[in-house]
>>> print(open('target_2.csv').read())   # CSV, C-alpha atoms and all ligand atoms
chain,number,residue,atom,x,y,z
J,27,MET,CA,35.1,118.3,128.1
J,28,LEU,CA,38.5,117.3,129.5
J,29,HIS,CA,38.0,113.6,128.9
J,30,PHE,CA,38.7,114.3,125.2
J,31,PHE,CA,42.3,115.0,126.0
J,32,THR,CA,45.4,113.0,126.8
J,33,LYS,CA,47.0,113.5,130.2
J,34,LYS,CA,49.7,115.9,128.7
J,35,GLN,CA,47.0,117.9,127.0
J,36,LYS,CA,45.0,118.1,130.2
J,37,ASN,CA,48.0,119.4,132.0
J,38,ALA,CA,48.5,122.0,129.3
J,39,ILE,CA,44.9,123.1,129.5
J,40,ILE,CA,45.0,123.4,133.2
J,41,TYR,CA,48.2,125.3,133.0
J,42,SER,CA,46.8,127.6,130.4
J,43,ASN,CA,43.6,128.1,132.4
J,44,GLN,CA,45.7,129.1,135.3
J,45,ILE,CA,47.5,131.7,133.1
J,46,PHE,CA,44.2,133.0,131.9
J,47,SER,CA,42.8,133.3,135.4
J,48,ASN,CA,45.9,134.9,136.8
J,49,LYS,CA,46.6,138.6,136.8
J,50,HIS,CA,48.0,139.2,133.3
J,51,THR,CA,51.5,140.4,133.6
J,52,LYS,CA,53.7,140.7,130.6
J,53,ASN,CA,55.3,137.4,131.5
J,54,THR,CA,52.2,135.5,131.5
J,55,TYR,CA,51.4,136.9,128.0
J,56,LYS,CA,54.7,135.7,126.9
J,57,LYS,CA,54.0,132.2,128.2
J,58,ILE,CA,50.7,132.2,126.4
J,59,SER,CA,52.5,133.1,123.3
J,60,TYR,CA,54.1,129.7,123.3
J,61,TYR,CA,50.7,128.0,122.8
J,62,HIS,CA,48.5,127.5,119.9
J,63,LEU,CA,45.0,127.4,121.4
J,64,ILE,CA,41.5,127.4,120.1
J,65,VAL,CA,39.5,129.0,122.8
J,66,ARG,CA,35.8,129.3,123.4
J,67,THR,CA,35.1,132.8,124.6
J,68,GLN,CA,31.9,133.6,126.3
J,69,ILE,CA,31.4,137.3,126.9
J,70,LEU,CA,28.6,138.4,129.1
J,71,CYS,CA,27.9,142.0,128.5
J,72,THR,CA,25.4,144.0,130.5
J,73,LYS,CA,22.8,143.9,127.7
J,74,GLN,CA,23.5,140.8,125.7
J,75,THR,CA,25.3,137.5,125.9
J,76,LEU,CA,27.6,136.4,123.1
J,77,HIS,CA,28.2,132.7,123.1
J,78,ALA,CA,30.8,130.5,121.5
J,79,THR,CA,33.1,132.8,119.7
J,80,PHE,CA,36.0,130.6,118.7
J,81,VAL,CA,39.3,132.3,119.0
J,82,HIS,CA,42.4,130.8,117.5
J,83,ILE,CA,45.4,132.4,119.2
J,84,SER,CA,48.1,131.2,116.9
J,85,LEU,CA,50.6,134.1,116.7
J,86,PRO,CA,53.3,135.0,119.0
J,87,ILE,CA,51.8,137.7,121.1
J,88,VAL,CA,54.2,140.5,120.3
J,89,HIS,CA,51.5,143.2,120.5
J,90,TYR,CA,51.1,143.4,124.2
J,91,PRO,CA,49.4,145.5,125.5
J,92,LEU,CA,46.8,146.2,123.0
J,93,PRO,CA,44.3,148.9,123.9
J,94,ILE,CA,40.8,147.5,123.9
J,95,VAL,CA,39.6,150.6,122.2
J,96,HIS,CA,40.9,149.1,118.9
J,97,TYR,CA,38.6,146.1,119.3
J,98,PRO,CA,35.1,147.2,120.1
J,99,LEU,CA,32.6,144.6,121.1
J,100,PRO,CA,31.0,142.5,120.0
J,101,ILE,CA,34.2,140.8,118.7
J,102,ILE,CA,32.1,138.3,116.8
J,103,HIS,CA,31.8,141.0,114.2
J,104,TYR,CA,35.6,141.4,113.9
J,105,PRO,CA,36.9,138.0,113.0
J,106,LEU,CA,40.2,139.3,111.7
J,107,SER,CA,40.9,141.2,114.9
J,108,ILE,CA,40.1,138.3,117.0
J,109,ILE,CA,43.6,136.9,117.2
J,110,HIS,CA,45.0,140.1,118.5
J,111,CYS,CA,42.1,141.3,120.5
J,112,SER,CA,41.2,138.3,122.6
J,113,LEU,CA,43.9,138.7,125.1
J,114,SER,CA,43.3,142.4,125.5
J,115,ILE,CA,39.7,141.7,126.1
J,116,ILE,CA,40.5,139.2,128.7
J,117,HIS,CA,42.8,141.7,130.3
J,118,CYS,CA,40.4,144.5,130.3
J,119,SER,CA,37.2,142.5,130.8
J,120,LEU,CA,37.9,141.6,134.4
J,121,SER,CA,36.6,145.0,135.4
J,122,ILE,CA,34.1,145.9,132.7
J,123,ILE,CA,32.5,142.6,131.6
J,124,HIS,CA,32.6,139.1,132.7
J,125,CYS,CA,34.5,137.0,130.2
J,126,SER,CA,35.0,133.3,130.6
J,127,LEU,CA,37.2,131.2,128.4
J,128,SER,CA,37.5,127.5,128.0
J,129,ILE,CA,40.0,125.9,125.8
J,130,ILE,CA,38.2,123.6,123.4
J,131,HIS,CA,41.2,122.3,121.4
J,132,TYR,CA,44.8,122.2,122.4
J,133,PHE,CA,46.9,122.9,119.3
J,134,CYS,CA,50.6,122.7,120.2
J,135,PRO,CA,53.0,124.8,122.2
J,136,VAL,CA,55.6,126.3,119.9
J,137,ASN,CA,58.8,127.0,121.5
J,138,THR,CA,60.8,129.5,119.5
J,139,GLU,CA,64.0,128.7,121.4
J,140,ILE,CA,66.7,127.6,119.0
J,141,ILE,CA,69.2,125.2,120.2
J,142,SER,CA,72.6,124.8,118.6
J,143,THR,CA,73.7,121.2,118.0
J,144,GLY,CA,77.0,119.4,117.8
J,145,ASP,CA,77.8,120.1,114.2
J,146,GLY,CA,77.2,123.8,114.4
J,147,SER,CA,73.6,123.6,112.9
J,148,CYS,CA,70.5,124.3,114.9
J,149,THR,CA,67.3,122.6,116.0
J,150,LEU,CA,64.2,123.5,117.8
J,151,ARG,CA,62.9,122.1,121.1
J,152,ASN,CA,59.2,121.4,121.4
J,153,GLU,CA,58.4,121.9,125.1
J,154,TYR,CA,55.1,120.2,124.9
J,155,PHE,CA,56.4,116.9,123.5
J,156,GLY,CA,59.7,117.4,125.4
J,157,GLU,CA,61.7,116.6,122.3
J,158,THR,CA,64.1,118.3,119.9
J,159,TYR,CA,63.3,118.2,116.2
J,160,HIS,CA,66.7,116.8,115.4
J,161,SER,CA,69.6,115.2,117.2
J,162,ILE,CA,71.5,117.5,119.5
J,163,ASN,CA,74.7,115.8,118.2
J,164,GLY,CA,74.1,117.5,114.9
J,165,ALA,CA,70.9,118.4,113.2
J,166,VAL,CA,72.2,118.6,109.6
J,167,ALA,CA,74.6,115.7,110.1
J,168,GLU,CA,71.6,113.5,111.2
J,169,SER,CA,69.4,114.6,108.4
J,170,MET,CA,72.1,114.1,105.8
J,171,HIS,CA,73.0,110.7,107.1
J,172,ILE,CA,69.5,109.2,107.4
J,173,PHE,CA,67.4,110.9,104.8
J,174,ILE,CA,69.9,112.1,102.2
J,175,ASN,CA,72.6,109.4,102.2
J,176,LEU,CA,70.4,106.4,102.9
J,177,GLY,CA,67.3,107.7,101.1
J,178,LEU,CA,67.7,110.4,98.4
J,179,ARG,CA,71.1,109.3,97.1
J,180,SER,CA,69.6,106.0,95.9
J,181,PHE,CA,67.9,107.9,93.1
J,182,SER,CA,69.2,110.1,90.3
J,183,LYS,CA,68.0,111.6,87.0
J,184,ARG,CA,64.4,110.4,87.3
J,185,ASP,CA,60.9,111.5,88.5
J,186,LEU,CA,60.8,111.1,92.2
J,187,ASN,CA,57.9,111.4,94.6
J,188,ILE,CA,59.0,111.9,98.2
J,189,LEU,CA,56.7,111.8,101.3
J,190,GLU,CA,57.8,113.2,104.6
J,191,ILE,CA,55.9,112.5,107.8
J,192,GLY,CA,56.7,115.3,110.2
J,193,TYR,CA,57.8,118.2,108.0
J,194,GLY,CA,58.8,120.3,111.0
J,195,THR,CA,61.4,123.0,110.2
J,196,GLY,CA,61.6,121.9,106.6
J,197,LEU,CA,65.3,120.9,107.1
J,198,ASN,CA,65.0,117.6,105.3
J,199,ALA,CA,63.1,119.3,102.5
J,200,MET,CA,65.7,122.0,102.1
J,201,LEU,CA,68.6,119.5,102.2
J,202,THR,CA,66.8,117.4,99.6
J,203,PHE,CA,66.4,120.5,97.4
J,204,ILE,CA,70.1,121.3,97.7
J,205,GLU,CA,71.4,117.8,97.2
J,206,ASN,CA,69.1,117.2,94.2
J,207,GLN,CA,70.9,119.9,92.3
J,208,SER,CA,73.7,117.4,91.6
J,209,LEU,CA,71.4,114.3,91.5
J,210,GLY,CA,69.2,115.7,88.8
J,211,ASN,CA,65.9,114.2,89.9
J,212,LYS,CA,62.5,115.8,89.1
J,213,ILE,CA,61.1,115.8,92.6
J,214,PHE,CA,57.6,116.2,94.0
J,215,TYR,CA,58.1,116.6,97.7
J,216,HIS,CA,55.0,116.1,100.0
J,217,GLY,CA,55.5,117.1,103.6
J,218,ILE,CA,52.8,116.2,106.3
J,219,GLU,CA,52.7,118.4,109.4
J,220,LYS,CA,50.1,118.9,112.1
J,221,PHE,CA,51.8,121.8,113.8
J,222,PRO,CA,53.5,124.1,111.2
J,223,ILE,CA,56.0,126.5,112.6
J,224,CYS,CA,55.6,130.1,111.9
J,225,LYS,CA,58.0,132.4,109.9
J,226,GLU,CA,59.3,134.0,113.1
J,227,THR,CA,60.6,130.6,114.2
J,228,PHE,CA,61.6,129.4,110.8
J,229,MET,CA,63.8,132.3,109.7
J,230,PRO,CA,66.2,132.4,112.7
J,231,PHE,CA,66.5,128.6,112.3
J,232,VAL,CA,67.6,129.0,108.7
J,233,VAL,CA,70.0,131.9,109.6
J,234,HIS,CA,71.6,129.8,112.3
J,235,THR,CA,72.0,126.8,110.1
J,236,PRO,CA,75.0,127.6,107.8
J,237,ASP,CA,74.6,124.6,105.5
J,238,ILE,CA,71.2,126.0,104.5
J,239,ALA,CA,71.8,129.8,104.8
J,240,SER,CA,74.9,129.6,102.6
J,241,LYS,CA,73.1,127.6,99.9
J,242,ILE,CA,69.5,128.9,99.7
J,243,ASN,CA,68.6,132.6,99.5
J,244,THR,CA,66.0,134.1,101.7
J,245,ASP,CA,63.2,134.2,99.1
J,246,ILE,CA,63.6,130.5,98.3
J,247,ALA,CA,64.0,129.6,102.0
J,248,LEU,CA,60.7,131.3,102.8
J,249,GLN,CA,58.9,129.1,100.3
J,250,PHE,CA,59.7,126.2,102.6
J,251,CYS,CA,57.8,127.8,105.3
J,252,ASP,CA,55.0,129.8,103.6
J,253,GLY,CA,52.1,128.7,101.4
J,254,TRP,CA,50.6,125.6,103.1
J,255,ASN,CA,48.3,123.2,101.3
J,256,SER,CA,49.1,124.2,97.8
J,257,GLU,CA,51.8,122.9,95.5
J,258,ILE,CA,54.6,125.4,94.9
J,259,GLU,CA,57.2,125.2,92.2
J,260,ILE,CA,60.5,126.0,94.0
J,261,SER,CA,62.4,125.2,90.8
J,262,PRO,CA,61.5,123.3,87.6
J,263,THR,CA,62.9,120.2,89.3
J,264,PHE,CA,61.5,120.7,92.7
J,265,HIS,CA,57.8,121.0,93.5
J,266,LEU,CA,56.8,121.2,97.2
J,267,LEU,CA,53.4,120.5,98.8
J,268,LYS,CA,53.3,121.2,102.6
J,269,GLN,CA,50.1,119.7,103.9
J,270,ASN,CA,48.8,120.9,107.3
J,271,ILE,CA,47.1,117.7,108.4
J,272,ASP,CA,47.2,115.2,111.2
J,273,PHE,CA,49.0,112.1,110.0
J,274,GLU,CA,46.2,110.0,111.4
J,275,ASN,CA,43.8,111.6,108.9
J,276,PHE,CA,46.2,111.5,106.0
J,277,VAL,CA,45.2,109.3,103.1
J,278,PRO,CA,47.8,109.1,100.4
J,279,ASP,CA,46.4,109.7,96.9
J,280,ARG,CA,49.5,109.0,94.9
J,281,GLN,CA,52.4,106.6,94.9
J,282,TYR,CA,55.8,107.5,96.5
J,283,ASP,CA,59.3,106.3,95.8
J,284,LEU,CA,60.8,107.4,99.0
J,285,ILE,CA,59.3,108.0,102.5
J,286,TYR,CA,61.1,110.0,105.2
J,287,PHE,CA,59.5,109.0,108.4
J,288,ASP,CA,60.5,111.7,110.9
J,289,ALA,CA,57.9,111.7,113.6
J,290,PHE,CA,58.7,112.3,117.3
J,291,SER,CA,59.8,109.2,119.0
J,292,PRO,CA,57.5,106.2,119.7
J,293,ASP,CA,57.8,106.8,123.4
J,294,THR,CA,56.5,110.3,123.0
J,295,GLN,CA,54.0,109.8,120.2
J,296,PRO,CA,53.2,106.1,120.0
J,297,GLU,CA,50.1,106.8,117.8
J,298,MET,CA,52.4,107.9,115.0
J,299,TRP,CA,54.1,104.5,114.8
J,300,THR,CA,51.1,102.1,114.8
J,301,MET,CA,50.8,99.4,112.3
J,302,GLU,CA,47.5,101.0,111.0
J,303,ASN,CA,49.2,104.3,110.4
J,304,LEU,CA,52.3,102.8,108.8
J,305,ARG,CA,50.2,100.5,106.6
J,306,ARG,CA,48.6,103.5,104.9
J,307,ILE,CA,51.8,105.0,103.8
J,308,ILE,CA,53.6,101.7,103.1
J,309,ASN,CA,50.7,100.8,100.8
J,310,SER,CA,51.5,104.0,98.9
J,311,LEU,CA,55.1,103.0,98.3
J,312,VAL,CA,56.0,101.7,94.8
J,313,PRO,CA,57.6,98.3,94.6
J,314,ASP,CA,61.2,98.7,95.6
J,315,GLY,CA,60.4,102.0,97.2
J,316,ILE,CA,62.4,103.1,100.2
J,317,PHE,CA,61.4,104.0,103.8
J,318,VAL,CA,64.0,105.6,106.1
J,319,THR,CA,63.7,106.6,109.7
J,320,TYR,CA,66.0,107.3,112.6
J,321,CYS,CA,64.2,104.9,114.9
J,322,CYS,CA,65.5,101.3,115.1
J,323,LYS,CA,63.2,99.7,117.7
J,324,GLY,CA,62.6,96.0,117.4
J,325,ILE,CA,58.9,96.5,117.3
J,326,LEU,CA,59.1,98.9,114.4
J,327,LYS,CA,61.3,96.5,112.5
J,328,GLN,CA,58.8,93.7,113.0
J,329,THR,CA,55.9,96.0,112.1
J,330,LEU,CA,57.6,96.9,108.8
J,331,ARG,CA,58.4,93.3,108.0
J,332,ASP,CA,54.8,92.4,108.7
J,333,LEU,CA,53.8,95.1,106.2
J,334,GLY,CA,56.0,93.4,103.5
J,335,MET,CA,59.2,95.5,103.8
J,336,ILE,CA,62.7,94.2,103.7
J,337,VAL,CA,64.2,95.8,106.7
J,338,LYS,CA,67.9,96.7,107.1
J,339,ARG,CA,69.6,98.1,110.2
J,340,MET,CA,72.1,100.7,109.1
J,341,PRO,CA,74.8,102.5,111.1
J,342,GLY,CA,73.4,105.6,112.7
J,343,PRO,CA,74.8,109.2,112.8
J,344,LYS,CA,76.8,110.4,115.7
J,345,GLY,CA,75.1,109.5,119.0
J,346,LYS,CA,72.9,106.8,117.5
J,347,ARG,CA,74.0,103.2,116.9
J,348,HIS,CA,71.5,102.2,114.2
J,349,VAL,CA,68.7,103.5,112.0
J,350,ILE,CA,66.3,101.8,109.6
J,351,ARG,CA,66.3,101.6,105.8
J,352,ALA,CA,63.5,99.4,104.5
J,353,THR,CA,62.7,98.5,101.0
J,354,LYS,CA,59.3,97.4,99.7
J,355,ASN,CA,59.4,93.8,98.7
J,356,ILE,CA,59.1,93.7,94.9
J,357,ALA,CA,56.9,90.6,95.2
J,358,GLN,CA,54.3,92.5,97.3
J,401,LIG,C1,61.1,115.1,114.7
J,401,LIG,S1,60.1,116.4,114.2
J,401,LIG,C2,60.3,116.6,112.5
J,401,LIG,C3,61.5,117.3,112.1
J,401,LIG,C4,61.5,117.6,110.6
J,401,LIG,N1,61.5,116.5,109.7
J,401,LIG,C5,62.5,118.6,110.2
J,401,LIG,O1,63.3,118.4,109.3
J,401,LIG,O2,62.6,119.7,110.9
J,401,LIG,C6,58.5,115.7,114.3
J,401,LIG,C7,57.4,116.5,113.6
J,401,LIG,O3,56.1,115.8,113.6
J,401,LIG,C8,55.1,116.7,113.8
J,401,LIG,N2,53.9,116.0,114.3
J,401,LIG,C9,53.6,115.7,115.5
J,401,LIG,N3,52.4,115.1,115.6
J,401,LIG,C10,51.9,115.0,114.3
J,401,LIG,C11,50.8,114.5,113.7
J,401,LIG,N4,49.8,113.9,114.4
J,401,LIG,N5,50.6,114.6,112.3
J,401,LIG,C12,51.6,115.2,111.6
J,401,LIG,N6,52.7,115.7,112.1
J,401,LIG,C13,52.9,115.6,113.4
J,401,LIG,C14,55.7,117.7,114.8
J,401,LIG,O4,55.0,118.9,114.8
J,401,LIG,C15,57.1,117.8,114.3
J,401,LIG,O5,57.2,118.9,113.4
>>> encode(input="target_2.csv", output="structure tokens", more="lines below")
Ligand SMILES: C[S@@+](CC[C@H](N)C(=O)[O-])C[C@H]1O[C@@H](n2cnc3c(N)ncnc32)[C@H](O)[C@@H]1O
Amino acid sequence: MLHFFTKKQKNAIIYSNQIFSNKHTKNTYKKISYYHLIVRTQILCTKQTLHATFVHISLPIVHYPLPIVHYPLPIIHYPLSIIHCSLSIIHCSLSIIHCSLSIIHYFCPVNTEIISTGDGSCTLRNEYFGETYHSINGAVAESMHIFINLGLRSFSKRDLNILEIGYGTGLNAMLTFIENQSLGNKIFYHGIEKFPICKETFMPFVVHTPDIASKINTDIALQFCDGWNSEIEISPTFHLLKQNIDFENFVPDRQYDLIYFDAFSPDTQPEMWTMENLRRIINSLVPDGIFVTYCCKGILKQTLRDLGMIVKRMPGPKGKRHVIRATKNIAQ
């Protein structure tokens, strides 16, 4: 099975298997809690064999230790309990049953550690990808510079479709919502994200980012984290669709005026920056539409030109010399 995975994923799987096969101390539970895993559980009871119960452990494991008595076997009959019960069963099973686990799909480690950045705002660090979601020189300063100043501010008082690749914390979306109150556009904002962060990660991020916390109340902020895969009206002039999908499977079904391309770096996730992937979203840009990103690699500039974009290198935010602002050639 392991040949399906990249090297980093294999390491994570091996690491996770080690955790599972170790004695389960509180610490190892905490480590597991950083991972989103889909696990194949095989439970061999004395009288029957249950195969292939798929367990998606997606919540921070804050319930340790759960008494197994709450989760009678066979767990296959208790799908809602599965998330909580699986670790307890692993824990208890060592003596009462044989329980083997194999990870069939590695989701993403979620590191809930919040890092403060140079401008007093916060970002998150993703341990698996080894990258922060924003610049450590200033998360809000970076987002404002690249996505708001070079992107959003080119539009006012009109209908505006925005696509963001790599929705992450929702920071770009929330800043767009705030800034648009003076720009007066009617925005449809479409965020694409493979690994949505949970509320327990999102809320502290908002609280520790004063530019957001002082301008958006908690109920509104929560809508930037909750309610995936359906369009939400945050205000009459701001509709939000957060789509939980792998960018590689995303096929745009509308035209966009502005694209925020905010994937992790090409060194970390080269697959996000391929010509094939970029072509799909550039094709969905209206003539004269704008594409902005923090990356300014020569190969990206060339790829965008090959896709019919007029590429401009712009001064970057603190700590970064240049960023890209590209416009779709009107003749395309
Ligand atoms: C640089 S961070 C984005 C930061 C975000 N724009 C914000 O304001 O917080 C990159 C994001 O891309 C997401 N991502 C990684 N691989 C992805 C994929 N294949 N499809 C969609 N999103 C992906 C990551 O989970 C992460 O949230």
>>> residues_near_ligand(input="target_2.csv", ligand="ligand LIG 401 (chain J)", cutoff="10 Å", atoms="only C-alpha atoms and all ligand atoms", output="CSV table (one decimal) with C-alpha atoms, keeping the file's coordinate frame")
chain,number,residue,atom,x,y,z
J,134,CYS,CA,50.6,122.7,120.2
J,135,PRO,CA,53.0,124.8,122.2
J,136,VAL,CA,55.6,126.3,119.9
J,148,CYS,CA,70.5,124.3,114.9
J,149,THR,CA,67.3,122.6,116.0
J,150,LEU,CA,64.2,123.5,117.8
J,151,ARG,CA,62.9,122.1,121.1
J,152,ASN,CA,59.2,121.4,121.4
J,155,PHE,CA,56.4,116.9,123.5
J,157,GLU,CA,61.7,116.6,122.3
J,158,THR,CA,64.1,118.3,119.9
J,159,TYR,CA,63.3,118.2,116.2
J,160,HIS,CA,66.7,116.8,115.4
J,161,SER,CA,69.6,115.2,117.2
J,165,ALA,CA,70.9,118.4,113.2
J,166,VAL,CA,72.2,118.6,109.6
J,168,GLU,CA,71.6,113.5,111.2
J,169,SER,CA,69.4,114.6,108.4
J,173,PHE,CA,67.4,110.9,104.8
J,190,GLU,CA,57.8,113.2,104.6
J,191,ILE,CA,55.9,112.5,107.8
J,192,GLY,CA,56.7,115.3,110.2
J,193,TYR,CA,57.8,118.2,108.0
J,194,GLY,CA,58.8,120.3,111.0
J,195,THR,CA,61.4,123.0,110.2
J,196,GLY,CA,61.6,121.9,106.6
J,197,LEU,CA,65.3,120.9,107.1
J,198,ASN,CA,65.0,117.6,105.3
J,199,ALA,CA,63.1,119.3,102.5
J,200,MET,CA,65.7,122.0,102.1
J,201,LEU,CA,68.6,119.5,102.2
J,217,GLY,CA,55.5,117.1,103.6
J,218,ILE,CA,52.8,116.2,106.3
J,219,GLU,CA,52.7,118.4,109.4
J,220,LYS,CA,50.1,118.9,112.1
J,221,PHE,CA,51.8,121.8,113.8
J,222,PRO,CA,53.5,124.1,111.2
J,223,ILE,CA,56.0,126.5,112.6
J,228,PHE,CA,61.6,129.4,110.8
J,231,PHE,CA,66.5,128.6,112.3
J,269,GLN,CA,50.1,119.7,103.9
J,270,ASN,CA,48.8,120.9,107.3
J,271,ILE,CA,47.1,117.7,108.4
J,272,ASP,CA,47.2,115.2,111.2
J,273,PHE,CA,49.0,112.1,110.0
J,274,GLU,CA,46.2,110.0,111.4
J,275,ASN,CA,43.8,111.6,108.9
J,276,PHE,CA,46.2,111.5,106.0
J,286,TYR,CA,61.1,110.0,105.2
J,287,PHE,CA,59.5,109.0,108.4
J,288,ASP,CA,60.5,111.7,110.9
J,289,ALA,CA,57.9,111.7,113.6
J,290,PHE,CA,58.7,112.3,117.3
J,291,SER,CA,59.8,109.2,119.0
J,294,THR,CA,56.5,110.3,123.0
J,295,GLN,CA,54.0,109.8,120.2
J,297,GLU,CA,50.1,106.8,117.8
J,298,MET,CA,52.4,107.9,115.0
J,320,TYR,CA,66.0,107.3,112.6
>>> residues_around(input="target_2.csv", residues="J:Phe264", least_positions_apart="3", cutoff="9 Å", atoms="only C-alpha atoms", output="compact mmCIF listing (two decimals) with C-alpha atoms, in the coordinates of the input")
# COMPACT_ATOMS: atom_id res chain seq x y z
CA PHE J 203 66.40 120.50 97.40
CA ASN J 206 69.10 117.20 94.20
CA ASN J 211 65.90 114.20 89.90
CA LYS J 212 62.50 115.80 89.10
CA ILE J 213 61.10 115.80 92.60
CA PHE J 214 57.60 116.20 94.00
CA TYR J 215 58.10 116.60 97.70
CA ILE J 258 54.60 125.40 94.90
CA GLU J 259 57.20 125.20 92.20
CA ILE J 260 60.50 126.00 94.00
CA SER J 261 62.40 125.20 90.80
>>> atom_distance(input="target_2.csv", atom1="atom CA of J:Ile285", atom2="atom CA of J:Phe317")
4.7 Å
>>> closest_residue(input="target_2.csv", among="J:Ser208, J:Leu178, J:Asn309, J:Pro236", to="J:Arg351", atoms="only C-alpha atoms")
J:Leu178
>>> atom_distance(input="target_2.csv", atom1="atom CA of J:Ile162", atom2="atom CA of J:Pro230")
17.2 Å
>>> closest_residue(input="target_2.csv", among="J:Val232, J:Met170, J:Ile188, J:Leu266", to="J:Pro278", atoms="all atoms listed in the file")
J:Ile188
>>> closest_residue(input="target_2.csv", among="J:Gly156, J:Ser142, J:Val337, J:Val277", to="J:Glu302", atoms="all atoms listed in the file")
J:Val277
>>> atom_distance(input="target_2.csv", atom1="atom CA of J:Thr329", atom2="atom CA of J:Ile350")
12.2 Å
>>> closest_residue(input="target_2.csv", among="J:Asp283, J:Gly164, J:Asp245, J:Ile140", to="J:Glu226", atoms="all atoms listed in the file")
J:Ile140
>>> closest_residue(input="target_2.csv", among="J:Ala239, J:Ile307, J:Val349, J:Leu209", to="J:Arg280", atoms="only C-alpha atoms")
J:Ile307
>>> residues_around(input="target_2.csv", residues="J:Pro343", least_positions_apart="4", cutoff="8 Å", atoms="all atoms listed in the file", output="tab-separated table (two decimals) with C-alpha atoms, in the frame of the given file")
chain	number	residue	atom	x	y	z
J	167	ALA	CA	74.60	115.70	110.10
J	168	GLU	CA	71.60	113.50	111.20
J	171	HIS	CA	73.00	110.70	107.10
J	172	ILE	CA	69.50	109.20	107.40
J	347	ARG	CA	74.00	103.20	116.90
J	348	HIS	CA	71.50	102.20	114.20
>>> build_atoms(input="target_2.csv", residues="stretch 235-249 of chain J", atoms="N, CA and C atoms", output="PDB file, in the coordinates of the input")
ATOM      1  N   THR J 235      71.620 128.066 110.624  1.00  0.00           N
ATOM      2  CA  THR J 235      72.000 126.800 110.100  1.00  0.00           C
ATOM      3  C   THR J 235      72.830 127.027 108.808  1.00  0.00           C
ATOM      4  N   PRO J 236      74.150 127.190 108.944  1.00  0.00           N
ATOM      5  CA  PRO J 236      75.000 127.600 107.800  1.00  0.00           C
ATOM      6  C   PRO J 236      74.859 126.788 106.569  1.00  0.00           C
ATOM      7  N   ASP J 237      74.679 125.466 106.730  1.00  0.00           N
ATOM      8  CA  ASP J 237      74.600 124.600 105.500  1.00  0.00           C
ATOM      9  C   ASP J 237      73.368 124.985 104.675  1.00  0.00           C
ATOM     10  N   ILE J 238      72.372 125.579 105.298  1.00  0.00           N
ATOM     11  CA  ILE J 238      71.200 126.000 104.500  1.00  0.00           C
ATOM     12  C   ILE J 238      71.384 127.464 104.106  1.00  0.00           C
ATOM     13  N   ALA J 239      71.717 128.312 105.082  1.00  0.00           N
ATOM     14  CA  ALA J 239      71.800 129.800 104.800  1.00  0.00           C
ATOM     15  C   ALA J 239      72.771 130.085 103.689  1.00  0.00           C
ATOM     16  N   SER J 240      73.856 129.305 103.602  1.00  0.00           N
ATOM     17  CA  SER J 240      74.900 129.600 102.600  1.00  0.00           C
ATOM     18  C   SER J 240      74.454 129.102 101.203  1.00  0.00           C
ATOM     19  N   LYS J 241      73.438 128.235 101.146  1.00  0.00           N
ATOM     20  CA  LYS J 241      73.100 127.600  99.900  1.00  0.00           C
ATOM     21  C   LYS J 241      71.749 127.995  99.307  1.00  0.00           C
ATOM     22  N   ILE J 242      70.891 128.563 100.175  1.00  0.00           N
ATOM     23  CA  ILE J 242      69.500 128.900  99.700  1.00  0.00           C
ATOM     24  C   ILE J 242      69.327 130.397 100.068  1.00  0.00           C
ATOM     25  N   ASN J 243      68.883 131.202  99.103  1.00  0.00           N
ATOM     26  CA  ASN J 243      68.600 132.600  99.500  1.00  0.00           C
ATOM     27  C   ASN J 243      67.303 132.726 100.209  1.00  0.00           C
ATOM     28  N   THR J 244      67.112 133.887 100.835  1.00  0.00           N
ATOM     29  CA  THR J 244      66.000 134.100 101.700  1.00  0.00           C
ATOM     30  C   THR J 244      64.635 133.848 101.025  1.00  0.00           C
ATOM     31  N   ASP J 245      64.518 134.325  99.790  1.00  0.00           N
ATOM     32  CA  ASP J 245      63.200 134.200  99.100  1.00  0.00           C
ATOM     33  C   ASP J 245      62.895 132.706  98.870  1.00  0.00           C
ATOM     34  N   ILE J 246      63.903 131.943  98.506  1.00  0.00           N
ATOM     35  CA  ILE J 246      63.600 130.500  98.300  1.00  0.00           C
ATOM     36  C   ILE J 246      63.349 129.855  99.655  1.00  0.00           C
ATOM     37  N   ALA J 247      64.156 130.180 100.661  1.00  0.00           N
ATOM     38  CA  ALA J 247      64.000 129.600 102.000  1.00  0.00           C
ATOM     39  C   ALA J 247      62.536 129.802 102.479  1.00  0.00           C
ATOM     40  N   LEU J 248      62.037 131.014 102.274  1.00  0.00           N
ATOM     41  CA  LEU J 248      60.700 131.300 102.800  1.00  0.00           C
ATOM     42  C   LEU J 248      59.617 130.433 102.187  1.00  0.00           C
ATOM     43  N   GLN J 249      59.859 129.988 100.962  1.00  0.00           N
ATOM     44  CA  GLN J 249      58.900 129.100 100.300  1.00  0.00           C
ATOM     45  C   GLN J 249      58.772 127.759 101.030  1.00  0.00           C
TER      46      GLN J 249
END
